[in-house]
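In what follows, a single structure is set out as structure tokens and then discussed.
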Amino acid sequence: MPVFDYEDIQLVPNKCIVKSRSEIDTRVKFGPMTFNIPVVPANMQTVIDEDLAIWLAQNGYFYIMHRFDEDERLPFVKKMHQLGLFASISVGVKEKEYQLIDQLAEHNLIPEYITIDIAHGHSDTVIDMIKHIKKKLPGSFVIAGNVGTPEGVRELENAGADATKVGIGPGKACITKVKTGFGTGGWQLAALRLCGKAASKPIVADGGIRTNGDIAKSVRFGASMCMIGSMFAGHAETPGEIIEQDGKKYKTYFGSASQYQKGEYKNVEGKKLLVPYRGHIADTLREMHEDLQSSISYAGGRDLSALRKVDYVIVKNSIFNGDQY
Ligand SMILES: NC(=O)C1=CN([C@@H]2O[C@H](COP(=O)(O)OP(=O)(O)OC[C@H]3O[C@@H](n4cnc5c(N)ncnc54)[C@H](OP(=O)(O)O)[C@@H]3O)[C@@H](O)[C@H]2O)C=CC1
Ligand SMILES: Nc1nc2c(ncn2[C@@H]2O[C@H](COP(=O)(O)O)[C@@H](O)[C@H]2O)c(=O)[nH]1
């Protein structure tokens, strides 16, 4: 089994068939809707809040609201629908989460997307929640995870998940790999490849994306959507204050299983770090769009489907060749 990560791979160019990259279409159909690019900011408290969710939905981007303001989720769905926007929320698997699903059903509030988001998603607790959502809110598109194996993907799909989220431990704020010794950290792209081959429904690549080129690589290895945390956390529109240190600007990014999220040091699998301040998120999203258009041009196509077929080479840990990005 070949094992590699994002930085170990280069995609091999094909003959260009467009006159300008502006001709290239990066849109992706994911569930009931089509989005500008196959990218979603992570459903984490230092990455997304209500204002950003509204902006993303209004501007043709996918979003998934985090699940850490538990009681705000039902009003959030109501508000998004009143604004004429799609609602996309996260849930866990504990008893209170079943009550939320029941309440949404009682109020006929049907989120377009529901993401079941726990650390070890290949589990009966997730399977039970998928079945509950599909019974109570059959109109919602259910994304379930996280998993890191083909077996995990198949079991969640068989339980009724409409998409699965792949990535155990590759995240920048993650310490699962060192605390437990498990996960897809260091070989996330190869794990994505294995999961993609097993999947019969869309896959979300979650964690470990560090450059815009990694988005194209994720699509090559099976992703329909890429979830990104650290690259989004440092924007003007993401939650939290700007911090100045030695004349440089940063924002805080912490793991959803960190003590900062949990409020206690128990079963901690995440850490807190500073990420460079990057200005406005619209500029970053525009650059991702442009870079993806370029990627598709190198793939020799006009849309994302061209990326899925390109050849690749494994160039172990050498793509930066000593250069700093
Ligand atoms: N993608 C990744 O690699 C990881 C992501 N996270 C993120 O952190 C957040 C919190 O996740 P999580 O702690 O699962 O959420 P919750 O605290 O809501 O826990 C969900 C349930 O799963 C149980 N649980 C958690 N971890 C494990 C495990 N390794 N084995 C068995 N049961 C487990 C919990 O019980 P109990 O706590 O009592 O065991 C609880 O019943 C999520 O947003 C998740 O995505 C966290 C770690 C890894
Ligand atoms: N092991 C942990 N993983 C976490 C935690 N909080 C979030 N995450 C995962 O990371 C990705 C984002 O990864 P990035 O490389 O883009 O920064 C996120 O979507 C979660 O799946 C955590 O506390 N521990």
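By convention in this document, the chains of the structure tokens carry letters A, B, ... by their order, each chain's residues are numbered from 1, and ligands are numbered from 1 in the order they are shown.
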
Could you pull out the residues in segment 83-152 of chain A that DSSP calls strand (DSSP E or B) from the backbone, as a list in words?
Ser88, Ile89, Ser90, Val91, Tyr113, Ile114, Thr115, Ile116, Asp117, Phe141, Val142, Ile143, Ala144, Gly145, Asn146 and Val147 of chain A

Serialized selection, N, CA and C atoms, as a PDB file, in the first residue's frame:
```pdb
ATOM      1  N   SER A  88     -26.999  24.820   7.646  1.00  0.00           N
ATOM      2  CA  SER A  88     -26.052  23.711   7.703  1.00  0.00           C
ATOM      3  C   SER A  88     -25.465  23.685   9.107  1.00  0.00           C
ATOM      4  N   ILE A  89     -25.857  22.676   9.885  1.00  0.00           N
ATOM      5  CA  ILE A  89     -25.446  22.640  11.294  1.00  0.00           C
ATOM      6  C   ILE A  89     -24.662  21.366  11.597  1.00  0.00           C
ATOM      7  N   SER A  90     -24.046  21.366  12.785  1.00  0.00           N
ATOM      8  CA  SER A  90     -23.336  20.178  13.257  1.00  0.00           C
ATOM      9  C   SER A  90     -24.035  19.635  14.498  1.00  0.00           C
ATOM     10  N   VAL A  91     -23.943  18.315  14.659  1.00  0.00           N
ATOM     11  CA  VAL A  91     -24.438  17.691  15.879  1.00  0.00           C
ATOM     12  C   VAL A  91     -23.413  16.681  16.368  1.00  0.00           C
ATOM     13  N   TYR A 113     -28.361  20.743   5.472  1.00  0.00           N
ATOM     14  CA  TYR A 113     -27.202  19.888   5.751  1.00  0.00           C
ATOM     15  C   TYR A 113     -27.068  19.692   7.274  1.00  0.00           C
ATOM     16  N   ILE A 114     -26.824  18.449   7.664  1.00  0.00           N
ATOM     17  CA  ILE A 114     -26.486  18.168   9.073  1.00  0.00           C
ATOM     18  C   ILE A 114     -25.207  17.331   9.081  1.00  0.00           C
ATOM     19  N   THR A 115     -24.216  17.819   9.828  1.00  0.00           N
ATOM     20  CA  THR A 115     -22.946  17.094   9.939  1.00  0.00           C
ATOM     21  C   THR A 115     -22.833  16.481  11.328  1.00  0.00           C
ATOM     22  N   ILE A 116     -22.685  15.170  11.361  1.00  0.00           N
ATOM     23  CA  ILE A 116     -22.436  14.484  12.639  1.00  0.00           C
ATOM     24  C   ILE A 116     -20.917  14.475  12.815  1.00  0.00           C
ATOM     25  N   ASP A 117     -20.471  15.142  13.870  1.00  0.00           N
ATOM     26  CA  ASP A 117     -19.048  15.479  13.980  1.00  0.00           C
ATOM     27  C   ASP A 117     -18.494  15.002  15.305  1.00  0.00           C
ATOM     28  N   PHE A 141     -29.451  16.487   4.204  1.00  0.00           N
ATOM     29  CA  PHE A 141     -28.272  15.789   3.658  1.00  0.00           C
ATOM     30  C   PHE A 141     -27.320  15.568   4.829  1.00  0.00           C
ATOM     31  N   VAL A 142     -27.017  14.310   5.121  1.00  0.00           N
ATOM     32  CA  VAL A 142     -26.241  13.994   6.323  1.00  0.00           C
ATOM     33  C   VAL A 142     -24.787  13.666   5.973  1.00  0.00           C
ATOM     34  N   ILE A 143     -23.892  14.450   6.572  1.00  0.00           N
ATOM     35  CA  ILE A 143     -22.444  14.200   6.453  1.00  0.00           C
ATOM     36  C   ILE A 143     -22.011  13.579   7.786  1.00  0.00           C
ATOM     37  N   ALA A 144     -21.335  12.432   7.742  1.00  0.00           N
ATOM     38  CA  ALA A 144     -20.997  11.765   9.005  1.00  0.00           C
ATOM     39  C   ALA A 144     -19.502  11.504   9.102  1.00  0.00           C
ATOM     40  N   GLY A 145     -18.976  11.645  10.316  1.00  0.00           N
ATOM     41  CA  GLY A 145     -17.557  11.383  10.504  1.00  0.00           C
ATOM     42  C   GLY A 145     -17.122  11.638  11.941  1.00  0.00           C
ATOM     43  N   ASN A 146     -15.806  11.626  12.145  1.00  0.00           N
ATOM     44  CA  ASN A 146     -14.789  11.418  11.130  1.00  0.00           C
ATOM     45  C   ASN A 146     -14.323   9.971  11.119  1.00  0.00           C
ATOM     46  N   VAL A 147     -13.931   9.524   9.945  1.00  0.00           N
ATOM     47  CA  VAL A 147     -13.401   8.174   9.808  1.00  0.00           C
ATOM     48  C   VAL A 147     -12.054   8.250   9.081  1.00  0.00           C
TER      49      VAL A 147
END
```

Check which residues fall inside 8 Å of ligand 2 when counting only C-alpha atoms and all ligand atoms, and print them as a ChimeraX atom specification.
/A:41-44,119,146,167-177,206-210,227-232,254-258,268-271

Write to file, as a compact mmCIF listing (two decimals), in the first residue's frame, the residues of the selection just made, with N, CA and C atoms.
```txt
# COMPACT_ATOMS: atom_id res chain seq x y z
N PRO A 41 -14.92 26.02 5.30
CA PRO A 41 -14.20 26.29 6.54
C PRO A 41 -14.63 25.30 7.63
N ALA A 42 -13.67 24.88 8.44
CA ALA A 42 -13.96 23.85 9.45
C ALA A 42 -15.03 24.33 10.43
N ASN A 43 -15.83 23.36 10.90
CA ASN A 43 -16.90 23.67 11.85
C ASN A 43 -16.32 23.77 13.27
N MET A 44 -15.46 24.76 13.44
CA MET A 44 -14.77 24.97 14.71
C MET A 44 -15.06 26.39 15.21
N ALA A 119 -14.99 12.66 17.16
CA ALA A 119 -13.59 12.30 16.91
C ALA A 119 -13.47 10.92 16.26
N ASN A 146 -15.81 11.63 12.15
CA ASN A 146 -14.79 11.42 11.13
C ASN A 146 -14.32 9.97 11.12
N GLY A 167 -10.63 11.88 8.03
CA GLY A 167 -9.47 12.55 8.65
C GLY A 167 -9.47 12.33 10.14
N ILE A 168 -8.57 11.48 10.61
CA ILE A 168 -8.40 11.26 12.05
C ILE A 168 -7.00 11.73 12.41
N GLY A 169 -6.93 12.93 12.94
CA GLY A 169 -5.64 13.39 13.46
C GLY A 169 -4.70 14.16 12.55
N PRO A 170 -5.09 14.55 11.32
CA PRO A 170 -4.13 15.32 10.52
C PRO A 170 -4.19 16.83 10.76
N GLY A 171 -5.12 17.28 11.59
CA GLY A 171 -5.35 18.73 11.75
C GLY A 171 -4.18 19.44 12.42
N LYS A 172 -4.10 20.74 12.13
CA LYS A 172 -3.00 21.55 12.68
C LYS A 172 -3.12 21.71 14.20
N ALA A 173 -4.35 21.73 14.71
CA ALA A 173 -4.54 21.91 16.16
C ALA A 173 -4.72 20.56 16.85
N CYS A 174 -4.36 19.50 16.13
CA CYS A 174 -4.62 18.15 16.61
C CYS A 174 -3.43 17.59 17.37
N ILE A 175 -3.72 16.89 18.48
CA ILE A 175 -2.65 16.13 19.15
C ILE A 175 -3.05 14.67 19.32
N THR A 176 -4.10 14.25 18.61
CA THR A 176 -4.53 12.85 18.66
C THR A 176 -3.38 11.92 18.30
N LYS A 177 -2.64 12.31 17.28
CA LYS A 177 -1.56 11.43 16.81
C LYS A 177 -0.52 11.18 17.90
N ASP A 206 -10.84 16.06 5.41
CA ASP A 206 -10.85 16.95 6.57
C ASP A 206 -9.51 16.92 7.31
N GLY A 207 -8.80 18.07 7.21
CA GLY A 207 -7.58 18.23 7.99
C GLY A 207 -6.32 18.02 7.18
N GLY A 208 -5.30 18.81 7.52
CA GLY A 208 -3.99 18.62 6.90
C GLY A 208 -3.74 19.45 5.66
N ILE A 209 -4.73 20.21 5.22
CA ILE A 209 -4.54 21.03 4.02
C ILE A 209 -3.78 22.29 4.43
N ARG A 210 -2.64 22.51 3.79
CA ARG A 210 -1.76 23.62 4.18
C ARG A 210 -1.52 24.62 3.06
N MET A 227 -12.47 20.24 3.88
CA MET A 227 -12.68 21.04 5.10
C MET A 227 -11.32 21.55 5.58
N ILE A 228 -11.28 22.88 5.82
CA ILE A 228 -10.01 23.53 6.16
C ILE A 228 -10.18 24.39 7.41
N GLY A 229 -9.29 24.18 8.39
CA GLY A 229 -9.37 24.96 9.62
C GLY A 229 -8.31 26.03 9.71
N SER A 230 -7.04 25.61 9.86
CA SER A 230 -5.97 26.57 10.17
C SER A 230 -5.79 27.64 9.10
N MET A 231 -6.02 27.28 7.84
CA MET A 231 -5.83 28.28 6.77
C MET A 231 -6.94 29.34 6.77
N PHE A 232 -8.03 29.06 7.48
CA PHE A 232 -9.12 30.04 7.53
C PHE A 232 -9.18 30.82 8.84
N PHE A 254 -7.91 27.16 18.10
CA PHE A 254 -7.78 26.02 19.02
C PHE A 254 -8.63 24.84 18.58
N GLY A 255 -8.16 23.65 18.95
CA GLY A 255 -8.83 22.41 18.60
C GLY A 255 -10.17 22.28 19.32
N SER A 256 -11.09 21.60 18.68
CA SER A 256 -12.42 21.40 19.27
C SER A 256 -12.37 20.42 20.43
N ALA A 257 -11.27 19.66 20.54
CA ALA A 257 -11.09 18.77 21.69
C ALA A 257 -9.96 19.28 22.58
N SER A 258 -9.72 20.60 22.51
CA SER A 258 -8.69 21.20 23.38
C SER A 258 -9.33 21.60 24.70
N VAL A 268 -8.25 15.43 26.47
CA VAL A 268 -7.83 16.49 25.55
C VAL A 268 -7.06 15.90 24.37
N GLU A 269 -7.51 16.26 23.15
CA GLU A 269 -6.81 15.82 21.93
C GLU A 269 -6.59 16.99 20.96
N GLY A 270 -6.58 18.20 21.54
CA GLY A 270 -6.37 19.38 20.69
C GLY A 270 -5.57 20.42 21.43
N LYS A 271 -4.94 21.31 20.67
CA LYS A 271 -4.13 22.36 21.29
C LYS A 271 -4.54 23.74 20.74
```

Tell me which of A:Lys272, A:Lys197, A:Arg67, A:Arg286 sits closest to ligand 1, counting only C-alpha atoms and all ligand atoms.
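Of the candidates, the smallest distance to ligand 1 is held by A:Arg67.
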
Assign secondary structure with DSSP using the backbone only, and return the residues of segment 48-277 of chain A in helix (DSSP H, G or I) as JSON, numbers by chain.
{"A": [50, 51, 52, 53, 54, 55, 56, 57, 58, 70, 71, 72, 73, 74, 75, 76, 77, 78, 79, 80, 81, 82, 95, 96, 97, 98, 99, 100, 101, 102, 103, 104, 105, 106, 124, 125, 126, 127, 128, 129, 130, 131, 132, 133, 134, 135, 136, 150, 151, 152, 153, 154, 155, 156, 157, 158, 159, 176, 177, 178, 179, 180, 188, 189, 190, 191, 192, 193, 194, 195, 196, 197, 198, 213, 214, 215, 216, 217, 218, 219, 220, 230, 231, 232, 233, 259, 260, 261, 262]}

Next, dump the selected residues to file, keeping only C-alpha atoms, as a PDB file, in the first residue's frame.
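File again04.pdb, as written:
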```pdb
ATOM      1  CA  GLU A  50     -23.151  33.106  12.523  1.00  0.00           C
ATOM      2  CA  ASP A  51     -22.100  36.255  10.637  1.00  0.00           C
ATOM      3  CA  LEU A  52     -19.529  34.374   8.570  1.00  0.00           C
ATOM      4  CA  ALA A  53     -22.024  31.573   7.876  1.00  0.00           C
ATOM      5  CA  ILE A  54     -24.474  34.140   6.521  1.00  0.00           C
ATOM      6  CA  TRP A  55     -21.776  35.755   4.345  1.00  0.00           C
ATOM      7  CA  LEU A  56     -20.612  32.407   2.960  1.00  0.00           C
ATOM      8  CA  ALA A  57     -24.171  31.271   2.177  1.00  0.00           C
ATOM      9  CA  GLN A  58     -24.970  34.617   0.527  1.00  0.00           C
ATOM     10  CA  GLU A  70     -25.745  24.058  21.607  1.00  0.00           C
ATOM     11  CA  ASP A  71     -28.926  26.023  22.231  1.00  0.00           C
ATOM     12  CA  GLU A  72     -28.314  28.449  19.364  1.00  0.00           C
ATOM     13  CA  ARG A  73     -28.689  25.808  16.674  1.00  0.00           C
ATOM     14  CA  LEU A  74     -32.480  25.729  16.375  1.00  0.00           C
ATOM     15  CA  PRO A  75     -32.770  29.562  16.246  1.00  0.00           C
ATOM     16  CA  PHE A  76     -29.866  29.551  13.751  1.00  0.00           C
ATOM     17  CA  VAL A  77     -31.724  27.240  11.357  1.00  0.00           C
ATOM     18  CA  LYS A  78     -34.840  29.427  11.689  1.00  0.00           C
ATOM     19  CA  LYS A  79     -32.841  32.614  11.028  1.00  0.00           C
ATOM     20  CA  MET A  80     -31.062  31.221   7.962  1.00  0.00           C
ATOM     21  CA  HIS A  81     -34.358  30.113   6.460  1.00  0.00           C
ATOM     22  CA  GLN A  82     -35.980  33.506   7.228  1.00  0.00           C
ATOM     23  CA  GLU A  95     -28.770  12.473  24.354  1.00  0.00           C
ATOM     24  CA  LYS A  96     -29.282  16.250  24.022  1.00  0.00           C
ATOM     25  CA  GLU A  97     -28.466  15.992  20.334  1.00  0.00           C
ATOM     26  CA  TYR A  98     -31.366  13.584  19.817  1.00  0.00           C
ATOM     27  CA  GLN A  99     -33.620  16.161  21.457  1.00  0.00           C
ATOM     28  CA  LEU A 100     -32.396  18.829  19.017  1.00  0.00           C
ATOM     29  CA  ILE A 101     -33.237  16.613  16.033  1.00  0.00           C
ATOM     30  CA  ASP A 102     -36.687  15.940  17.520  1.00  0.00           C
ATOM     31  CA  GLN A 103     -37.299  19.657  18.113  1.00  0.00           C
ATOM     32  CA  LEU A 104     -36.231  20.587  14.587  1.00  0.00           C
ATOM     33  CA  ALA A 105     -38.645  17.961  13.240  1.00  0.00           C
ATOM     34  CA  GLU A 106     -41.470  19.182  15.515  1.00  0.00           C
ATOM     35  CA  ASP A 124     -22.429   2.657  16.606  1.00  0.00           C
ATOM     36  CA  THR A 125     -23.154   6.015  18.233  1.00  0.00           C
ATOM     37  CA  VAL A 126     -22.801   7.709  14.836  1.00  0.00           C
ATOM     38  CA  ILE A 127     -24.698   4.939  13.047  1.00  0.00           C
ATOM     39  CA  ASP A 128     -27.592   5.365  15.498  1.00  0.00           C
ATOM     40  CA  MET A 129     -27.586   9.131  15.007  1.00  0.00           C
ATOM     41  CA  ILE A 130     -27.558   8.799  11.207  1.00  0.00           C
ATOM     42  CA  LYS A 131     -30.608   6.540  11.436  1.00  0.00           C
ATOM     43  CA  HIS A 132     -32.379   8.919  13.820  1.00  0.00           C
ATOM     44  CA  ILE A 133     -31.809  11.923  11.579  1.00  0.00           C
ATOM     45  CA  LYS A 134     -32.882  10.016   8.477  1.00  0.00           C
ATOM     46  CA  LYS A 135     -36.088   8.985  10.286  1.00  0.00           C
ATOM     47  CA  LYS A 136     -36.951  12.408  11.701  1.00  0.00           C
ATOM     48  CA  PRO A 150     -12.653   2.227   3.905  1.00  0.00           C
ATOM     49  CA  GLU A 151     -14.578   0.131   6.462  1.00  0.00           C
ATOM     50  CA  GLY A 152     -15.596   3.301   8.282  1.00  0.00           C
ATOM     51  CA  VAL A 153     -16.793   4.918   5.073  1.00  0.00           C
ATOM     52  CA  ARG A 154     -18.813   1.844   4.055  1.00  0.00           C
ATOM     53  CA  GLU A 155     -20.480   1.377   7.431  1.00  0.00           C
ATOM     54  CA  LEU A 156     -21.592   5.001   7.673  1.00  0.00           C
ATOM     55  CA  GLU A 157     -22.800   4.997   4.064  1.00  0.00           C
ATOM     56  CA  ASN A 158     -24.715   1.767   4.688  1.00  0.00           C
ATOM     57  CA  ALA A 159     -26.346   3.350   7.737  1.00  0.00           C
ATOM     58  CA  THR A 176      -4.534  12.846  18.662  1.00  0.00           C
ATOM     59  CA  LYS A 177      -1.559  11.435  16.810  1.00  0.00           C
ATOM     60  CA  VAL A 178       0.818  11.984  19.710  1.00  0.00           C
ATOM     61  CA  LYS A 179      -1.643  11.320  22.540  1.00  0.00           C
ATOM     62  CA  THR A 180      -3.023   8.068  21.112  1.00  0.00           C
ATOM     63  CA  GLN A 188      -3.967  11.728   5.142  1.00  0.00           C
ATOM     64  CA  LEU A 189      -3.811  11.897   1.350  1.00  0.00           C
ATOM     65  CA  ALA A 190      -3.191   8.140   1.054  1.00  0.00           C
ATOM     66  CA  ALA A 191      -6.032   7.475   3.512  1.00  0.00           C
ATOM     67  CA  LEU A 192      -8.249   9.694   1.389  1.00  0.00           C
ATOM     68  CA  ARG A 193      -7.306   7.619  -1.643  1.00  0.00           C
ATOM     69  CA  LEU A 194      -8.255   4.359   0.084  1.00  0.00           C
ATOM     70  CA  CYS A 195     -11.504   5.796   1.430  1.00  0.00           C
ATOM     71  CA  GLY A 196     -12.323   7.348  -1.951  1.00  0.00           C
ATOM     72  CA  LYS A 197     -12.006   3.977  -3.662  1.00  0.00           C
ATOM     73  CA  ALA A 198     -14.407   2.423  -1.162  1.00  0.00           C
ATOM     74  CA  GLY A 213      -2.494  23.134  -4.201  1.00  0.00           C
ATOM     75  CA  ASP A 214      -3.591  20.631  -1.555  1.00  0.00           C
ATOM     76  CA  ILE A 215      -7.188  21.309  -2.594  1.00  0.00           C
ATOM     77  CA  ALA A 216      -6.483  20.022  -6.121  1.00  0.00           C
ATOM     78  CA  LYS A 217      -4.630  17.047  -4.648  1.00  0.00           C
ATOM     79  CA  SER A 218      -7.598  16.242  -2.385  1.00  0.00           C
ATOM     80  CA  VAL A 219      -9.930  16.264  -5.383  1.00  0.00           C
ATOM     81  CA  ARG A 220      -7.482  14.027  -7.293  1.00  0.00           C
ATOM     82  CA  SER A 230      -5.968  26.573  10.172  1.00  0.00           C
ATOM     83  CA  MET A 231      -5.829  28.280   6.768  1.00  0.00           C
ATOM     84  CA  PHE A 232      -9.121  30.041   7.527  1.00  0.00           C
ATOM     85  CA  ALA A 233      -8.758  30.855  11.232  1.00  0.00           C
ATOM     86  CA  GLN A 259      -9.066  22.300  26.983  1.00  0.00           C
ATOM     87  CA  TYR A 260      -9.945  25.784  25.685  1.00  0.00           C
ATOM     88  CA  GLN A 261     -12.994  24.337  23.945  1.00  0.00           C
ATOM     89  CA  LYS A 262     -13.888  21.877  26.695  1.00  0.00           C
TER      90      LYS A 262
END
```

Residues near Gly279 of chain A, cut-off 9 Å, only C-alpha atoms, skip fewer than 6 positions along chain, as a ChimeraX atom specification:
/A:234-237

Using only C-alpha atoms and all ligand atoms, pick whichever of A:Leu137, A:Ile24, A:Val166, A:Ile64 has the shortest atom-to-atom distance to ligand 1.
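Nearest to ligand 1: A:Val166.
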
Can you tell me, as a PyMOL selection string, what residues are no more than 7 Å from Val313 of chain A when counting only C-alpha atoms, ignoring any on the same chain fewer than 4 positions away?
chain A and resi 9-11

Considering only C-alpha atoms and all ligand atoms, can you say which of A:Val39, A:Ala87, A:Leu292, A:Ala205 comes closest to ligand 1?
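Of the candidates, the smallest distance to ligand 1 is held by A:Ala205.
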